[in-house]
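Engineer: What follows is input35.pdb; its format and atoms are PDB, N, CA and C atoms and all ligand atoms.
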MODEL        1
ATOM      1  N   MET A   1      46.007  95.324 186.744
ATOM      2  CA  MET A   1      46.896  96.277 186.053
ATOM      3  C   MET A   1      46.740  96.169 184.541
ATOM      4  N   HIS A   2      46.523  97.305 183.988
ATOM      5  CA  HIS A   2      46.455  97.329 182.525
ATOM      6  C   HIS A   2      47.842  97.543 181.953
ATOM      7  N   GLN A   3      48.092  96.764 180.957
ATOM      8  CA  GLN A   3      49.379  96.959 180.299
ATOM      9  C   GLN A   3      49.167  97.534 178.916
ATOM     10  N   PHE A   4      49.874  98.591 178.693
ATOM     11  CA  PHE A   4      49.729  99.230 177.394
ATOM     12  C   PHE A   4      50.666  98.601 176.376
ATOM     13  N   ILE A   5      50.077  98.177 175.312
ATOM     14  CA  ILE A   5      50.900  97.658 174.219
ATOM     15  C   ILE A   5      50.944  98.722 173.136
ATOM     16  N   ARG A   6      52.099  98.991 172.683
ATOM     17  CA  ARG A   6      52.209 100.017 171.645
ATOM     18  C   ARG A   6      52.483  99.378 170.297
ATOM     19  N   PRO A   7      51.469  99.257 169.489
ATOM     20  CA  PRO A   7      51.654  98.627 168.184
ATOM     21  C   PRO A   7      52.380  99.540 167.199
ATOM     22  N   THR A   8      52.296 100.836 167.448
ATOM     23  CA  THR A   8      52.931 101.750 166.505
ATOM     24  C   THR A   8      54.346 102.081 166.960
ATOM     25  N   ALA A   9      55.267 101.441 166.312
ATOM     26  CA  ALA A   9      56.659 101.757 166.601
ATOM     27  C   ALA A   9      57.000 103.062 165.905
ATOM     28  N   LEU A  10      57.592 103.927 166.650
ATOM     29  CA  LEU A  10      57.923 105.217 166.061
ATOM     30  C   LEU A  10      59.140 105.088 165.159
ATOM     31  N   THR A  11      59.082 105.869 164.132
ATOM     32  CA  THR A  11      60.230 105.934 163.252
ATOM     33  C   THR A  11      60.788 107.353 163.318
ATOM     34  N   THR A  12      61.898 107.566 162.689
ATOM     35  CA  THR A  12      62.495 108.890 162.759
ATOM     36  C   THR A  12      62.239 109.646 161.471
ATOM     37  N   CYS A  13      61.838 110.875 161.621
ATOM     38  CA  CYS A  13      61.588 111.709 160.455
ATOM     39  C   CYS A  13      62.884 111.910 159.675
ATOM     40  N   GLN A  14      62.790 111.675 158.391
ATOM     41  CA  GLN A  14      63.986 111.801 157.551
ATOM     42  C   GLN A  14      64.448 113.248 157.441
ATOM     43  N   LYS A  15      63.522 114.127 157.674
ATOM     44  CA  LYS A  15      63.822 115.542 157.480
ATOM     45  C   LYS A  15      64.387 116.191 158.732
ATOM     46  N   CYS A  16      63.694 116.033 159.835
ATOM     47  CA  CYS A  16      64.091 116.761 161.034
ATOM     48  C   CYS A  16      64.602 115.843 162.142
ATOM     49  N   GLY A  17      64.434 114.545 161.960
ATOM     50  CA  GLY A  17      64.990 113.614 162.935
ATOM     51  C   GLY A  17      64.132 113.407 164.171
ATOM     52  N   LYS A  18      62.931 113.962 164.154
ATOM     53  CA  LYS A  18      62.052 113.771 165.303
ATOM     54  C   LYS A  18      61.336 112.432 165.190
ATOM     55  N   PRO A  19      60.989 111.845 166.329
ATOM     56  CA  PRO A  19      60.235 110.594 166.281
ATOM     57  C   PRO A  19      58.832 110.828 165.744
ATOM     58  N   VAL A  20      58.484 110.090 164.719
ATOM     59  CA  VAL A  20      57.157 110.217 164.134
ATOM     60  C   VAL A  20      56.559 108.843 163.906
ATOM     61  N   GLN A  21      55.256 108.815 163.787
ATOM     62  CA  GLN A  21      54.611 107.549 163.472
ATOM     63  C   GLN A  21      54.804 107.264 161.992
ATOM     64  N   PRO A  22      55.097 106.006 161.679
ATOM     65  CA  PRO A  22      55.283 105.665 160.275
ATOM     66  C   PRO A  22      54.018 105.903 159.471
ATOM     67  N   HIS A  23      54.192 106.294 158.249
ATOM     68  CA  HIS A  23      53.087 106.570 157.320
ATOM     69  C   HIS A  23      52.244 107.775 157.731
ATOM     70  N   ILE A  24      52.815 108.578 158.591
ATOM     71  CA  ILE A  24      52.109 109.797 158.998
ATOM     72  C   ILE A  24      53.048 110.977 158.783
ATOM     73  N   ILE A  25      52.486 112.030 158.284
ATOM     74  CA  ILE A  25      53.285 113.215 158.030
ATOM     75  C   ILE A  25      53.850 113.754 159.345
ATOM     76  N   CYS A  26      55.099 114.103 159.308
ATOM     77  CA  CYS A  26      55.749 114.646 160.497
ATOM     78  C   CYS A  26      55.108 115.976 160.862
ATOM     79  N   LYS A  27      54.704 116.070 162.108
ATOM     80  CA  LYS A  27      54.040 117.304 162.528
ATOM     81  C   LYS A  27      55.044 118.410 162.790
ATOM     82  N   ASN A  28      56.264 118.024 162.973
ATOM     83  CA  ASN A  28      57.271 119.036 163.277
ATOM     84  C   ASN A  28      57.686 119.815 162.042
ATOM     85  N   CYS A  29      57.947 119.105 160.963
ATOM     86  CA  CYS A  29      58.439 119.808 159.773
ATOM     87  C   CYS A  29      57.485 119.678 158.587
ATOM     88  N   GLY A  30      56.490 118.811 158.712
ATOM     89  CA  GLY A  30      55.511 118.682 157.628
ATOM     90  C   GLY A  30      55.994 117.816 156.481
ATOM     91  N   TYR A  31      57.073 117.097 156.701
ATOM     92  CA  TYR A  31      57.604 116.269 155.625
ATOM     93  C   TYR A  31      57.175 114.819 155.790
ATOM     94  N   TYR A  32      56.998 114.189 154.689
ATOM     95  CA  TYR A  32      56.682 112.766 154.686
ATOM     96  C   TYR A  32      57.418 112.123 153.532
ATOM     97  N   LYS A  33      58.264 111.167 153.853
ATOM     98  CA  LYS A  33      59.086 110.489 152.846
ATOM     99  C   LYS A  33      59.898 111.478 152.020
ATOM    100  N   GLY A  34      60.444 112.444 152.723
ATOM    101  CA  GLY A  34      61.337 113.383 152.050
ATOM    102  C   GLY A  34      60.639 114.447 151.229
ATOM    103  N   LYS A  35      59.325 114.449 151.274
ATOM    104  CA  LYS A  35      58.591 115.468 150.520
ATOM    105  C   LYS A  35      57.803 116.349 151.469
ATOM    106  N   GLU A  36      57.661 117.589 151.107
ATOM    107  CA  GLU A  36      56.910 118.477 151.968
ATOM    108  C   GLU A  36      55.424 118.325 151.676
ATOM    109  N   PHE A  37      54.699 117.883 152.685
ATOM    110  CA  PHE A  37      53.263 117.673 152.515
ATOM    111  C   PHE A  37      52.459 118.742 153.236
ATOM    112  N   LEU A  38      53.096 119.257 154.257
ATOM    113  CA  LEU A  38      52.372 120.200 155.098
ATOM    114  C   LEU A  38      53.242 121.438 155.233
ATOM    115  N   ASN A  39      52.690 122.567 154.961
ATOM    116  CA  ASN A  39      53.482 123.768 155.111
ATOM    117  C   ASN A  39      53.401 124.250 156.552
ATOM    118  N   VAL A  40      54.294 123.700 157.362
ATOM    119  CA  VAL A  40      54.282 124.064 158.776
ATOM    120  C   VAL A  40      54.717 125.512 158.963
ATOM    121  N   MET A  41      55.486 125.990 158.026
ATOM    122  CA  MET A  41      55.988 127.363 158.119
ATOM    123  C   MET A  41      54.840 128.385 158.054
ATOM    124  N   ALA A  42      53.807 128.029 157.301
ATOM    125  CA  ALA A  42      52.707 128.959 157.087
ATOM    126  C   ALA A  42      52.016 129.330 158.398
ATOM    127  N   LYS A  43      52.054 128.393 159.334
ATOM    128  CA  LYS A  43      51.363 128.622 160.603
ATOM    129  C   LYS A  43      52.214 129.418 161.580
ATOM    130  N   LEU A  44      53.484 129.469 161.293
ATOM    131  CA  LEU A  44      54.387 130.093 162.256
ATOM    132  C   LEU A  44      54.598 131.575 161.968
ATOM    133  N   SER A  45      54.991 132.257 162.992
ATOM    134  CA  SER A  45      55.356 133.656 162.815
ATOM    135  C   SER A  45      56.733 133.712 162.158
ATOM    136  N   LYS A  46      57.123 134.862 161.699
ATOM    137  CA  LYS A  46      58.406 134.971 160.995
ATOM    138  C   LYS A  46      59.575 134.563 161.886
ATOM    139  N   LYS A  47      59.446 134.912 163.146
ATOM    140  CA  LYS A  47      60.511 134.580 164.091
ATOM    141  C   LYS A  47      60.604 133.062 164.240
ATOM    142  N   GLU A  48      59.450 132.429 164.359
ATOM    143  CA  GLU A  48      59.420 130.971 164.512
ATOM    144  C   GLU A  48      59.899 130.283 163.246
ATOM    145  N   GLN A  49      59.562 130.880 162.130
ATOM    146  CA  GLN A  49      60.011 130.314 160.850
ATOM    147  C   GLN A  49      61.522 130.250 160.779
ATOM    148  N   LYS A  50      62.137 131.306 161.258
ATOM    149  CA  LYS A  50      63.602 131.349 161.236
ATOM    150  C   LYS A  50      64.189 130.251 162.106
ATOM    151  N   LEU A  51      63.595 130.111 163.289
ATOM    152  CA  LEU A  51      64.075 129.091 164.215
ATOM    153  C   LEU A  51      63.910 127.700 163.616
ATOM    154  N   LYS A  52      62.760 127.485 163.023
ATOM    155  CA  LYS A  52      62.469 126.177 162.431
ATOM    156  C   LYS A  52      63.412 125.892 161.278
ATOM    157  N   ALA A  53      63.625 126.896 160.462
ATOM    158  CA  ALA A  53      64.521 126.725 159.322
ATOM    159  C   ALA A  53      65.918 126.355 159.796
ATOM    160  N   LYS A  54      66.331 127.003 160.858
ATOM    161  CA  LYS A  54      67.656 126.712 161.408
ATOM    162  C   LYS A  54      67.726 125.290 161.919
ATOM    163  N   GLU A  55      66.660 124.904 162.608
ATOM    164  CA  GLU A  55      66.594 123.570 163.189
ATOM    165  C   GLU A  55      66.702 122.513 162.096
ATOM    166  N   LEU A  56      65.965 122.729 161.027
ATOM    167  CA  LEU A  56      65.970 121.751 159.945
ATOM    168  C   LEU A  56      67.306 121.763 159.224
ATOM    169  N   GLU A  57      67.857 122.938 159.073
ATOM    170  CA  GLU A  57      69.144 123.082 158.400
ATOM    171  C   GLU A  57      70.223 122.309 159.143
ATOM    172  N   LYS A  58      70.206 122.501 160.456
ATOM    173  CA  LYS A  58      71.190 121.856 161.304
ATOM    174  C   LYS A  58      71.167 120.357 161.105
ATOM    175  N   HIS A  59      69.958 119.838 161.092
ATOM    176  CA  HIS A  59      69.815 118.399 160.959
ATOM    177  C   HIS A  59      70.339 117.914 159.615
ATOM    178  N   GLU A  60      70.030 118.669 158.585
ATOM    179  CA  GLU A  60      70.479 118.287 157.247
ATOM    180  C   GLU A  60      71.994 118.266 157.170
ATOM    181  N   ASP A  61      72.580 119.231 157.824
ATOM    182  CA  ASP A  61      74.024 119.326 157.834
ATOM    183  C   ASP A  61      74.626 118.102 158.519
ATOM    184  N   HIS A  62      73.974 117.718 159.608
ATOM    185  CA  HIS A  62      74.434 116.574 160.380
ATOM    186  C   HIS A  62      74.336 115.293 159.549
ATOM    187  N   GLU A  63      73.236 115.174 158.858
ATOM    188  CA  GLU A  63      73.007 113.974 158.044
ATOM    189  C   GLU A  63      73.967 113.913 156.864
ATOM    190  N   GLY A  64      74.410 115.060 156.468
ATOM    191  CA  GLY A  64      75.242 115.167 155.274
ATOM    192  C   GLY A  64      76.510 114.352 155.310
ATOM    193  N   HIS A  65      76.920 113.965 156.503
ATOM    194  CA  HIS A  65      78.178 113.226 156.596
ATOM    195  C   HIS A  65      78.095 111.839 155.953
ATOM    196  N   ASP A  66      76.888 111.367 155.853
ATOM    197  CA  ASP A  66      76.724 110.024 155.277
ATOM    198  C   ASP A  66      76.912 110.026 153.765
ATOM    199  N   HIS A  67      76.726 111.191 153.194
ATOM    200  CA  HIS A  67      76.764 111.251 151.734
ATOM    201  C   HIS A  67      78.140 111.696 151.240
ATOM    202  N   GLU A  68      79.053 110.808 151.342
ATOM    203  CA  GLU A  68      80.378 111.143 150.839
ATOM    204  C   GLU A  68      80.454 110.794 149.365
ATOM    205  N   LYS A  69      80.914 111.737 148.614
ATOM    206  CA  LYS A  69      80.992 111.502 147.180
ATOM    207  C   LYS A  69      82.317 110.840 146.838
ATOM    208  N   ALA A  70      82.209 109.779 146.118
ATOM    209  CA  ALA A  70      83.425 109.101 145.665
ATOM    210  C   ALA A  70      84.005 109.854 144.470
ATOM    211  N   PRO A  71      85.272 110.133 144.528
ATOM    212  CA  PRO A  71      85.883 110.866 143.403
ATOM    213  C   PRO A  71      85.909 110.035 142.133
ATOM    214  N   LYS A  72      85.619 110.679 141.042
ATOM    215  CA  LYS A  72      85.604 109.939 139.783
ATOM    216  C   LYS A  72      86.901 110.154 139.009
TER     217      LYS A  72
HETATM  218 ZN    ZN B   1      60.064 116.099 160.520
ENDMDL
END
Please, can you express the file's structure as structure tokens?

Structural biologist:
Amino acid sequence: MHQFIRPTALTTCQKCGKPVQPHIICKNCGYYKGKEFLNVMAKLSKKEQKLKAKELEKHEDHEGHDHEKAPK
């Protein structure tokens, strides 16, 4: 029996929350370390672009709860 060892632990994309390999640009949203490296939108049709934008927006909104601003 062969046992597969997985040396690459997946990390979560900061942008869209999908599991991605570390140090590799996320194929889902094209972001790497919070920066857009790949224009995934360019490959999509307008309809798909809308869906993708919504998907990413949703995630950002969800993440937003962590950033509570302290009143000054
Ligand atoms: Zn992503």

Engineer: Translate the PyMOL selection byres (((not hetatm)) within 7 of (chain B and resi 1)), as applied to the file shown, into an explicit residue set as a list in words.

Structural biologist: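 Going through the file, the PyMOL selection byres (((not hetatm)) within 7 of (chain B and resi 1)) ends up selecting Thr12, Cys13, Gln14, Lys15, Cys16, Gly17, Lys18, Ile25, Cys26, Lys27, Asn28, Cys29, Gly30, Tyr31 and Tyr32 of chain A.
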
Engineer: What's the separation between CA of Lys54 in chain A and atom N of Ala9 in chain A, in Å to one decimal place?

Structural biologist: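 Atom-to-atom, CA of Lys54 in chain A and atom N of Ala9 in chain A are spaced 28.6 Å apart.
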
Engineer: How big is the axis-aligned box, and where does its centre sit, when it encloses all atoms of range 23-39 of chain A listed in the file and has 5 Å added on every side, reported in Å to one decimal as AutoDock Vina command-line options?

Structural biologist:
--center_x 56.7 --center_y 115.3 --center_z 156.9 --size_x 19.2 --size_y 28.0 --size_z 22.8

Engineer: Once the PyMOL selection byres (((chain A and resi 22) around 6.5) and not hetatm) has been applied to the shown file, what residues remain in the selection, as a CSV table (one decimal) with N, CA and C atoms, in the coordinates of the input?

Structural biologist:
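Result file follows (selection.csv):
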chain,number,residue,atom,x,y,z
A,9,ALA,N,55.3,101.4,166.3
A,9,ALA,CA,56.7,101.8,166.6
A,9,ALA,C,57.0,103.1,165.9
A,10,LEU,N,57.6,103.9,166.6
A,10,LEU,CA,57.9,105.2,166.1
A,10,LEU,C,59.1,105.1,165.2
A,11,THR,N,59.1,105.9,164.1
A,11,THR,CA,60.2,105.9,163.3
A,11,THR,C,60.8,107.4,163.3
A,20,VAL,N,58.5,110.1,164.7
A,20,VAL,CA,57.2,110.2,164.1
A,20,VAL,C,56.6,108.8,163.9
A,21,GLN,N,55.3,108.8,163.8
A,21,GLN,CA,54.6,107.5,163.5
A,21,GLN,C,54.8,107.3,162.0
A,23,HIS,N,54.2,106.3,158.2
A,23,HIS,CA,53.1,106.6,157.3
A,23,HIS,C,52.2,107.8,157.7
A,24,ILE,N,52.8,108.6,158.6
A,24,ILE,CA,52.1,109.8,159.0
A,24,ILE,C,53.0,111.0,158.8
A,25,ILE,N,52.5,112.0,158.3
A,25,ILE,CA,53.3,113.2,158.0
A,25,ILE,C,53.8,113.8,159.3

Engineer: One number please: CA of Lys47 in chain A to CA of Lys33 in chain A, in Å, one decimal.

Structural biologist: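 Answer for the CA of Lys47 in chain A to CA of Lys33 in chain A separation: 26.6 Å.
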
Engineer: Between CA of Lys43 in chain A and atom C of Lys58 in chain A, measure the distance and give it in Å to one decimal.

Structural biologist: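 Separation between CA of Lys43 in chain A and atom C of Lys58 in chain A: 21.5 Å.
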
Engineer: Could you get me a file of range 12-54 of chain A with N, CA and C atoms, as a JSON list (two decimals), in the first residue's frame, taken from the block above?

Structural biologist:
[["chain", "number", "residue", "atom", "x", "y", "z"],
["A", 12, "THR", "N", -5.67, 29.21, 3.61],
["A", 12, "THR", "CA", -6.92, 29.79, 3.12],
["A", 12, "THR", "C", -6.64, 31.12, 2.44],
["A", 13, "CYS", "N", -7.23, 31.29, 1.30],
["A", 13, "CYS", "CA", -7.07, 32.54, 0.57],
["A", 13, "CYS", "C", -7.64, 33.70, 1.39],
["A", 14, "GLN", "N", -6.84, 34.72, 1.52],
["A", 14, "GLN", "CA", -7.28, 35.88, 2.31],
["A", 14, "GLN", "C", -8.43, 36.62, 1.65],
["A", 15, "LYS", "N", -8.51, 36.44, 0.37],
["A", 15, "LYS", "CA", -9.51, 37.20, -0.39],
["A", 15, "LYS", "C", -10.85, 36.48, -0.46],
["A", 16, "CYS", "N", -10.82, 35.24, -0.88],
["A", 16, "CYS", "CA", -12.09, 34.55, -1.13],
["A", 16, "CYS", "C", -12.34, 33.40, -0.15],
["A", 17, "GLY", "N", -11.33, 33.06, 0.63],
["A", 17, "GLY", "CA", -11.53, 32.04, 1.65],
["A", 17, "GLY", "C", -11.44, 30.61, 1.14],
["A", 18, "LYS", "N", -11.04, 30.46, -0.11],
["A", 18, "LYS", "CA", -10.90, 29.10, -0.64],
["A", 18, "LYS", "C", -9.56, 28.52, -0.23],
["A", 19, "PRO", "N", -9.49, 27.20, -0.10],
["A", 19, "PRO", "CA", -8.21, 26.58, 0.22],
["A", 19, "PRO", "C", -7.24, 26.71, -0.94],
["A", 20, "VAL", "N", -6.08, 27.25, -0.65],
["A", 20, "VAL", "CA", -5.07, 27.41, -1.68],
["A", 20, "VAL", "C", -3.72, 26.96, -1.16],
["A", 21, "GLN", "N", -2.84, 26.65, -2.08],
["A", 21, "GLN", "CA", -1.49, 26.30, -1.66],
["A", 21, "GLN", "C", -0.75, 27.57, -1.29],
["A", 22, "PRO", "N", 0.01, 27.49, -0.20],
["A", 22, "PRO", "CA", 0.76, 28.68, 0.21],
["A", 22, "PRO", "C", 1.77, 29.09, -0.85],
["A", 23, "HIS", "N", 1.97, 30.36, -0.96],
["A", 23, "HIS", "CA", 2.92, 30.95, -1.93],
["A", 23, "HIS", "C", 2.49, 30.75, -3.38],
["A", 24, "ILE", "N", 1.23, 30.44, -3.54],
["A", 24, "ILE", "CA", 0.71, 30.29, -4.91],
["A", 24, "ILE", "C", -0.52, 31.18, -5.04],
["A", 25, "ILE", "N", -0.60, 31.81, -6.16],
["A", 25, "ILE", "CA", -1.73, 32.70, -6.40],
["A", 25, "ILE", "C", -3.03, 31.89, -6.40],
["A", 26, "CYS", "N", -4.01, 32.42, -5.74],
["A", 26, "CYS", "CA", -5.31, 31.76, -5.67],
["A", 26, "CYS", "C", -5.92, 31.70, -7.06],
["A", 27, "LYS", "N", -6.30, 30.51, -7.45],
["A", 27, "LYS", "CA", -6.86, 30.37, -8.80],
["A", 27, "LYS", "C", -8.31, 30.82, -8.84],
["A", 28, "ASN", "N", -8.91, 30.90, -7.70],
["A", 28, "ASN", "CA", -10.32, 31.29, -7.68],
["A", 28, "ASN", "C", -10.50, 32.78, -7.89],
["A", 29, "CYS", "N", -9.71, 33.57, -7.18],
["A", 29, "CYS", "CA", -9.91, 35.02, -7.28],
["A", 29, "CYS", "C", -8.69, 35.73, -7.85],
["A", 30, "GLY", "N", -7.58, 35.02, -7.97],
["A", 30, "GLY", "CA", -6.39, 35.64, -8.56],
["A", 30, "GLY", "C", -5.61, 36.50, -7.59],
["A", 31, "TYR", "N", -5.93, 36.38, -6.32],
["A", 31, "TYR", "CA", -5.24, 37.21, -5.33],
["A", 31, "TYR", "C", -4.13, 36.42, -4.64],
["A", 32, "TYR", "N", -3.12, 37.13, -4.31],
["A", 32, "TYR", "CA", -2.02, 36.54, -3.55],
["A", 32, "TYR", "C", -1.54, 37.56, -2.55],
["A", 33, "LYS", "N", -1.61, 37.20, -1.28],
["A", 33, "LYS", "CA", -1.22, 38.10, -0.20],
["A", 33, "LYS", "C", -1.97, 39.43, -0.27],
["A", 34, "GLY", "N", -3.25, 39.31, -0.56],
["A", 34, "GLY", "CA", -4.09, 40.50, -0.55],
["A", 34, "GLY", "C", -3.95, 41.39, -1.77],
["A", 35, "LYS", "N", -3.15, 40.95, -2.72],
["A", 35, "LYS", "CA", -2.99, 41.75, -3.94],
["A", 35, "LYS", "C", -3.49, 40.98, -5.14],
["A", 36, "GLU", "N", -4.02, 41.69, -6.09],
["A", 36, "GLU", "CA", -4.51, 41.01, -7.27],
["A", 36, "GLU", "C", -3.36, 40.76, -8.23],
["A", 37, "PHE", "N", -3.09, 39.49, -8.47],
["A", 37, "PHE", "CA", -1.99, 39.14, -9.36],
["A", 37, "PHE", "C", -2.50, 38.63, -10.70],
["A", 38, "LEU", "N", -3.69, 38.09, -10.62],
["A", 38, "LEU", "CA", -4.23, 37.46, -11.82],
["A", 38, "LEU", "C", -5.61, 38.03, -12.05],
["A", 39, "ASN", "N", -5.86, 38.50, -13.22],
["A", 39, "ASN", "CA", -7.18, 39.03, -13.48],
["A", 39, "ASN", "C", -8.10, 37.90, -13.91],
["A", 40, "VAL", "N", -8.68, 37.26, -12.91],
["A", 40, "VAL", "CA", -9.55, 36.13, -13.20],
["A", 40, "VAL", "C", -10.83, 36.60, -13.90],
["A", 41, "MET", "N", -11.17, 37.83, -13.65],
["A", 41, "MET", "CA", -12.40, 38.38, -14.24],
["A", 41, "MET", "C", -12.30, 38.44, -15.77],
["A", 42, "ALA", "N", -11.08, 38.67, -16.25],
["A", 42, "ALA", "CA", -10.89, 38.85, -17.68],
["A", 42, "ALA", "C", -11.30, 37.61, -18.47],
["A", 43, "LYS", "N", -11.16, 36.47, -17.82],
["A", 43, "LYS", "CA", -11.46, 35.21, -18.51],
["A", 43, "LYS", "C", -12.95, 34.88, -18.47],
["A", 44, "LEU", "N", -13.64, 35.54, -17.58],
["A", 44, "LEU", "CA", -15.04, 35.18, -17.39],
["A", 44, "LEU", "C", -15.97, 36.01, -18.25],
["A", 45, "SER", "N", -17.12, 35.46, -18.47],
["A", 45, "SER", "CA", -18.15, 36.22, -19.17],
["A", 45, "SER", "C", -18.74, 37.24, -18.20],
["A", 46, "LYS", "N", -19.50, 38.17, -18.70],
["A", 46, "LYS", "CA", -20.04, 39.22, -17.83],
["A", 46, "LYS", "C", -20.92, 38.64, -16.73],
["A", 47, "LYS", "N", -21.64, 37.61, -17.09],
["A", 47, "LYS", "CA", -22.53, 36.98, -16.12],
["A", 47, "LYS", "C", -21.70, 36.34, -15.01],
["A", 48, "GLU", "N", -20.64, 35.67, -15.40],
["A", 48, "GLU", "CA", -19.77, 35.01, -14.42],
["A", 48, "GLU", "C", -19.04, 36.04, -13.57],
["A", 49, "GLN", "N", -18.70, 37.14, -14.19],
["A", 49, "GLN", "CA", -18.03, 38.21, -13.45],
["A", 49, "GLN", "C", -18.89, 38.71, -12.31],
["A", 50, "LYS", "N", -20.17, 38.84, -12.61],
["A", 50, "LYS", "CA", -21.09, 39.32, -11.58],
["A", 50, "LYS", "C", -21.17, 38.34, -10.42],
["A", 51, "LEU", "N", -21.26, 37.06, -10.78],
["A", 51, "LEU", "CA", -21.34, 36.03, -9.75],
["A", 51, "LEU", "C", -20.08, 36.03, -8.89],
["A", 52, "LYS", "N", -18.95, 36.13, -9.56],
["A", 52, "LYS", "CA", -17.67, 36.11, -8.85],
["A", 52, "LYS", "C", -17.55, 37.32, -7.94],
["A", 53, "ALA", "N", -17.94, 38.46, -8.46],
["A", 53, "ALA", "CA", -17.86, 39.68, -7.67],
["A", 53, "ALA", "C", -18.71, 39.55, -6.42],
["A", 54, "LYS", "N", -19.87, 38.96, -6.60],
["A", 54, "LYS", "CA", -20.77, 38.78, -5.45],
["A", 54, "LYS", "C", -20.15, 37.85, -4.43]]
